[in-house]
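Encoded as structure tokens, the structure appears first; notes follow it.
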Amino acid sequence: MSGDVVDQIFIRAKQWLLSWLAGAPDWIIQITSSLLNIFALLGVFLTLFALISVLERKILGRMQNRYGPNRVGPFGLFQPIADGIKMLIKEDIVPARADKIVHFLAPILIAATAILALGVIPYGRNMTPFAIDGGILFFFAVGSTTELAVFMAGWGSNNKFSMLGAMRAIAQMVSYELPLIITTLPVVMVAGALSPDVIVTAQAGYSFGFVPHWFVTTPWGAAAFVLFFVSGLVESNRTPFDVPEGESEIVAGHMTEYSGFKYATFFMAEYIGMFAISGLAVTLFLGGWHAPVRVLQFIPSYIWFFAKLSALLFVYIWLRGTLPRTRIDHIMNFAWKFMLPMAFTCIFAAAVWHYMGRGLAGWLCSLAVIGIVYIALSILLDTRKRFATRTYRFAE
Amino acid sequence: MLREYLPVLLQIIVAIGFAASVLLVSVLAGKTGTRSALKDSPYECGMVPQGAGQPRFSVKFYLVAMLFILFDLEIVFMYPWAVVYKEAVAQSSSIFWSMLSFITILMVGYVYALKKGVLDFKK
């Protein structure tokens, strides 16, 4: 089967490389195998980071009716290299009042945890860098460390703007971490495992040959996906939830006192965190590496994964080009008063869906559960003032 | 069992090593300019820094953090529940009702916190 060869080409390549080590002790082979995975992962995602950073600027430019970077290399594609060199040769300024150790450790911690979270996502058939049973739990455990790093950056800088940014970042990140974690629970329930590989396998198959069994096609899955996506947006501090680094208010938030490549490290960690969250969203709700229709299964699995990932990343950029910044109290209210009850509702909708036999009846019942709670919440939370009659005043 | 986590350990080492080495390169390649007391002062938009570096914060931030810990602990309980749900519900539906009652009790506390104005940032 030629399709299978292309699908497994990276696995074959790795096995071929490992065959050079034939006869070596078992643990050497294992370590080499993991290192190959890790360096491949780093290579792919750092390239993707460079690509996305220039594409984002180009897409935003187009959205604002201008060109975006187009001078360095063909179509401006070498812009990230120029940016990287510029960042590397900048002077690294550490303010005298800063806590030097904490200030230095924060960018390392934030970059390391962002890279670490990428490891549990299945990128294709048999292509999970480390297949551990508690993959989902590991992802969130590592992801929560980002908040610590952000706080270290804010505290270590000993600057008012940094501290304000860090406090805002932590307040919104912990608030949205709850919906983020709770919306994965229905998927865990239905798949019956915490391993991303099992979750992807549970989404295999098609109804009528063209409706994939992705969890996003069920009412609870669709609701959970939207909640998960919005929470992911907040976790990666992207517009419209970028108050922690709102340039017009608090300079650059927790990154105010960072210069040179330390600043770039924060920037990189933010993007890689965004890739990790989107990758997890693809894994949990969009069927991982499965093809959307049966006839397209001949296309290799990793291409499907990265196609879905790119689609989500485009939405991130699109939102940045469209929405204005939200106020911090609105963000917090939205998390606690709307997202949290809706996330709990998704769990029960999924429970009902499973209990009713996963058929059409379950589909409709779970839709009803989500609909009722959604309408009830929107009535309860409706704080719009009844508009007073508008009065016009004219210059005489 | 532990062998499964060896790649995780390796990745931690590589990730920290990568971040640290990149910063090291930037220290080596970076420009070193002259330093002065003014340049080393905290950035406050060009003004002379006023007062302490860390200002006082609204107590709301701490209340939010406390609420978070409350719910986070509860989610820790819910993960094992979610993993065994599929098998347990096949025998009896009591697993569903027990979690529903657990969340109902939690929601009472949640509504109390909201009524007390924990999220009322304007006050």
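Identifiers in this document derive from the order of the structure tokens: chains are assigned A, B, ..., residues are numbered from 1 separately in each chain, and ligands are numbered from 1 in order of occurrence.
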At most 6 Å is the cut-off: for each residue in chain B with any atom that close to an atom of chain A, write down the nearest atom pair and the distance in Å rounded to one decimal, counting only C-alpha atoms, chain first then increasing number, as CSV.
residue,atom,partner,partner_atom,distance
B:Pro7,CA,A:Ser34,CA,5.4
B:Ala15,CA,A:Ala112,CA,4.7
B:Ile16,CA,A:Ala112,CA,5.2
B:Ala19,CA,A:Ile108,CA,5.2
B:Ser26,CA,A:Leu88,CA,4.7
B:Ala29,CA,A:Ile89,CA,5.3
B:Gly30,CA,A:Ile89,CA,3.9
B:Lys31,CA,A:Glu91,CA,4.6
B:Thr32,CA,A:Glu91,CA,5.7
B:Asp40,CA,A:Pro95,CA,4.4
B:Ser41,CA,A:Pro95,CA,5.6
B:Pro42,CA,A:Asn159,CA,5.7
B:Gly53,CA,A:Asn158,CA,4.8
B:Gln54,CA,A:Lys160,CA,5.7
B:Ala82,CA,A:Met189,CA,4.4
B:Val83,CA,A:Gly192,CA,4.8
B:Tyr85,CA,A:Met189,CA,5.8
B:Lys86,CA,A:Gly192,CA,6.0
B:Phe121,CA,A:Asp329,CA,5.9
Keeping only N, CA and C atoms, take the residues you just selected and write them out as a PDB file, in the first residue's frame.
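Written output follows (selection.pdb):
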ATOM      1  N   PRO B   7      11.092   9.551  28.411  1.00  0.00           N
ATOM      2  CA  PRO B   7      11.053  10.626  27.412  1.00  0.00           C
ATOM      3  C   PRO B   7      10.644  11.964  28.001  1.00  0.00           C
ATOM      4  N   ALA B  15      14.268  20.865  26.878  1.00  0.00           N
ATOM      5  CA  ALA B  15      13.548  22.134  26.823  1.00  0.00           C
ATOM      6  C   ALA B  15      14.270  23.200  27.633  1.00  0.00           C
ATOM      7  N   ILE B  16      14.682  22.837  28.861  1.00  0.00           N
ATOM      8  CA  ILE B  16      15.397  23.810  29.685  1.00  0.00           C
ATOM      9  C   ILE B  16      16.738  24.145  29.049  1.00  0.00           C
ATOM     10  N   ALA B  19      16.179  26.571  26.115  1.00  0.00           N
ATOM     11  CA  ALA B  19      15.885  27.939  26.536  1.00  0.00           C
ATOM     12  C   ALA B  19      17.129  28.595  27.114  1.00  0.00           C
ATOM     13  N   SER B  26      22.442  34.837  23.445  1.00  0.00           N
ATOM     14  CA  SER B  26      22.083  36.255  23.378  1.00  0.00           C
ATOM     15  C   SER B  26      22.969  37.075  24.294  1.00  0.00           C
ATOM     16  N   ALA B  29      26.297  37.206  22.238  1.00  0.00           N
ATOM     17  CA  ALA B  29      26.238  37.963  20.990  1.00  0.00           C
ATOM     18  C   ALA B  29      25.717  39.370  21.210  1.00  0.00           C
ATOM     19  N   GLY B  30      25.036  39.572  22.341  1.00  0.00           N
ATOM     20  CA  GLY B  30      24.367  40.850  22.543  1.00  0.00           C
ATOM     21  C   GLY B  30      25.344  41.993  22.752  1.00  0.00           C
ATOM     22  N   LYS B  31      24.850  43.175  22.474  1.00  0.00           N
ATOM     23  CA  LYS B  31      25.655  44.366  22.643  1.00  0.00           C
ATOM     24  C   LYS B  31      25.765  44.675  24.142  1.00  0.00           C
ATOM     25  N   THR B  32      26.916  45.167  24.572  1.00  0.00           N
ATOM     26  CA  THR B  32      27.007  45.639  25.950  1.00  0.00           C
ATOM     27  C   THR B  32      27.237  47.139  25.908  1.00  0.00           C
ATOM     28  N   ASP B  40      19.347  51.770  34.595  1.00  0.00           N
ATOM     29  CA  ASP B  40      19.014  50.575  35.364  1.00  0.00           C
ATOM     30  C   ASP B  40      17.764  50.744  36.212  1.00  0.00           C
ATOM     31  N   SER B  41      17.154  51.914  36.160  1.00  0.00           N
ATOM     32  CA  SER B  41      15.965  52.117  36.990  1.00  0.00           C
ATOM     33  C   SER B  41      14.763  51.458  36.308  1.00  0.00           C
ATOM     34  N   PRO B  42      13.720  51.092  37.106  1.00  0.00           N
ATOM     35  CA  PRO B  42      12.540  50.463  36.511  1.00  0.00           C
ATOM     36  C   PRO B  42      11.892  51.376  35.488  1.00  0.00           C
ATOM     37  N   GLY B  53       8.195  49.226  44.239  1.00  0.00           N
ATOM     38  CA  GLY B  53       8.000  48.539  42.970  1.00  0.00           C
ATOM     39  C   GLY B  53       6.689  47.803  42.890  1.00  0.00           C
ATOM     40  N   GLN B  54       6.271  47.224  44.001  1.00  0.00           N
ATOM     41  CA  GLN B  54       5.026  46.461  43.973  1.00  0.00           C
ATOM     42  C   GLN B  54       3.916  47.224  44.687  1.00  0.00           C
ATOM     43  N   ALA B  82     -14.630  10.700  35.781  1.00  0.00           N
ATOM     44  CA  ALA B  82     -14.836  10.716  34.333  1.00  0.00           C
ATOM     45  C   ALA B  82     -14.220   9.482  33.677  1.00  0.00           C
ATOM     46  N   VAL B  83     -13.051   9.059  34.199  1.00  0.00           N
ATOM     47  CA  VAL B  83     -12.383   7.914  33.559  1.00  0.00           C
ATOM     48  C   VAL B  83     -13.208   6.641  33.725  1.00  0.00           C
ATOM     49  N   TYR B  85     -16.469   6.466  34.337  1.00  0.00           N
ATOM     50  CA  TYR B  85     -17.898   6.677  34.094  1.00  0.00           C
ATOM     51  C   TYR B  85     -18.479   5.645  33.135  1.00  0.00           C
ATOM     52  N   LYS B  86     -17.795   5.423  32.021  1.00  0.00           N
ATOM     53  CA  LYS B  86     -18.351   4.574  30.956  1.00  0.00           C
ATOM     54  C   LYS B  86     -18.599   3.152  31.458  1.00  0.00           C
ATOM     55  N   PHE B 121     -16.038  43.661  40.527  1.00  0.00           N
ATOM     56  CA  PHE B 121     -14.759  44.359  40.477  1.00  0.00           C
ATOM     57  C   PHE B 121     -14.889  45.855  40.670  1.00  0.00           C
TER      58      PHE B 121
END
(request) Among the residues of region 289-396 of chain A, find those DSSP assigns to alpha helix (DSSP H) from the backbone and print them as a PyMOL selection string. (result) chain A and resi 301-322+328-333+340-355+360-380
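Rounded to one decimal, CA of Phe139 (chain A) and CA of Ile11 (chain A) lie 23.6 Å from each other.
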(request) Compile the contact shell of Val234 (chain A) as an MDAnalysis selection string: residues with an atom at most 10 Å away, counting only C-alpha atoms, same-chain residues fewer than 2 positions apart removed. (result) chainID A and resid 169 172:177 180 228:232 236:243 274 331 335
Residue selection dump (C-alpha atoms) as a PDB file, in the first residue's frame:
ATOM      1  CA  ALA A 169      -2.615  37.567  33.690  1.00  0.00           C
ATOM      2  CA  GLN A 172      -7.664  35.628  34.000  1.00  0.00           C
ATOM      3  CA  MET A 173      -5.556  32.512  33.468  1.00  0.00           C
ATOM      4  CA  VAL A 174      -6.730  30.778  36.638  1.00  0.00           C
ATOM      5  CA  SER A 175     -10.320  31.783  35.920  1.00  0.00           C
ATOM      6  CA  TYR A 176     -10.262  30.328  32.419  1.00  0.00           C
ATOM      7  CA  GLU A 177      -8.293  27.301  33.450  1.00  0.00           C
ATOM      8  CA  LEU A 180     -10.557  24.665  29.993  1.00  0.00           C
ATOM      9  CA  PHE A 228     -12.384  25.214  25.143  1.00  0.00           C
ATOM     10  CA  PHE A 229     -11.359  27.445  22.270  1.00  0.00           C
ATOM     11  CA  VAL A 230     -12.294  30.642  24.098  1.00  0.00           C
ATOM     12  CA  SER A 231     -10.457  29.458  27.219  1.00  0.00           C
ATOM     13  CA  GLY A 232      -7.452  28.602  25.087  1.00  0.00           C
ATOM     14  CA  SER A 236      -2.416  32.171  25.550  1.00  0.00           C
ATOM     15  CA  ASN A 237      -3.171  35.859  26.324  1.00  0.00           C
ATOM     16  CA  ARG A 238      -4.353  36.605  22.808  1.00  0.00           C
ATOM     17  CA  THR A 239      -6.609  39.407  21.624  1.00  0.00           C
ATOM     18  CA  PRO A 240      -9.441  40.030  22.622  1.00  0.00           C
ATOM     19  CA  PHE A 241      -8.180  38.851  26.038  1.00  0.00           C
ATOM     20  CA  ASP A 242      -4.747  40.481  26.014  1.00  0.00           C
ATOM     21  CA  VAL A 243      -5.264  42.813  28.984  1.00  0.00           C
ATOM     22  CA  MET A 274      -1.014  28.646  21.462  1.00  0.00           C
ATOM     23  CA  ILE A 331     -13.474  38.882  31.186  1.00  0.00           C
ATOM     24  CA  ALA A 335     -15.501  33.164  32.973  1.00  0.00           C
TER      25      ALA A 335
END
(request) Write out as a PyMOL selection string each polymer residue whose atoms come within 10 Å of region 56-64 of chain A, counting only C-alpha atoms; drop sequence neighbours fewer than 5 positions from it. (result) chain A and resi 51+69-70+75-77+313-314+316-322
(message) I'd like the contact shell of Ile103 (chain B) - 12 Å cut-off, only C-alpha atoms, skipping same-chain residues fewer than 2 positions apart - returned as a list in words.
(response) Leu340, Pro341, Ala343, Phe344, Thr345, Ile347 and Phe348 of chain A; Phe71, Glu74, Ile75, Phe77, Met78, Phe96, Trp97, Ser98, Met99, Leu100, Ser101, Ile105, Leu106, Met107, Val108, Gly109, Tyr110 and Val111 of chain B
(request) Could you jot down the CA of Ala349 (chain A) to CA of Pro196 (chain A) separation for me, Å, one decimal place? (result) 21.4 Å
(message) Applying 9 Å and only C-alpha atoms, which residues near Leu48 (chain A) remain after dropping the ones on its own chain fewer than 5 positions away? List them as a PyMOL selection string.
(response) chain A and resi 43+53+272+275
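Atom to atom, CA of Trp289 (chain A) and CA of Leu41 (chain A) stand 16.2 Å apart.
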(request) Identify, with DSSP run on backbone atoms, the residues in region 147-343 of chain A assigned to strand (DSSP E or B), and express the list as an NGL selection string. (result) :A and (206-207 or 211-212)
(message) Under the rule that only C-alpha atoms are counted, which of A:Ala153, A:Gln15, A:Thr201, A:Gly165 is the nearest residue to Tyr263 (chain A)?
(response)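 Among the listed residues, the smallest separation from Tyr263 (chain A) belongs to A:Ala153.
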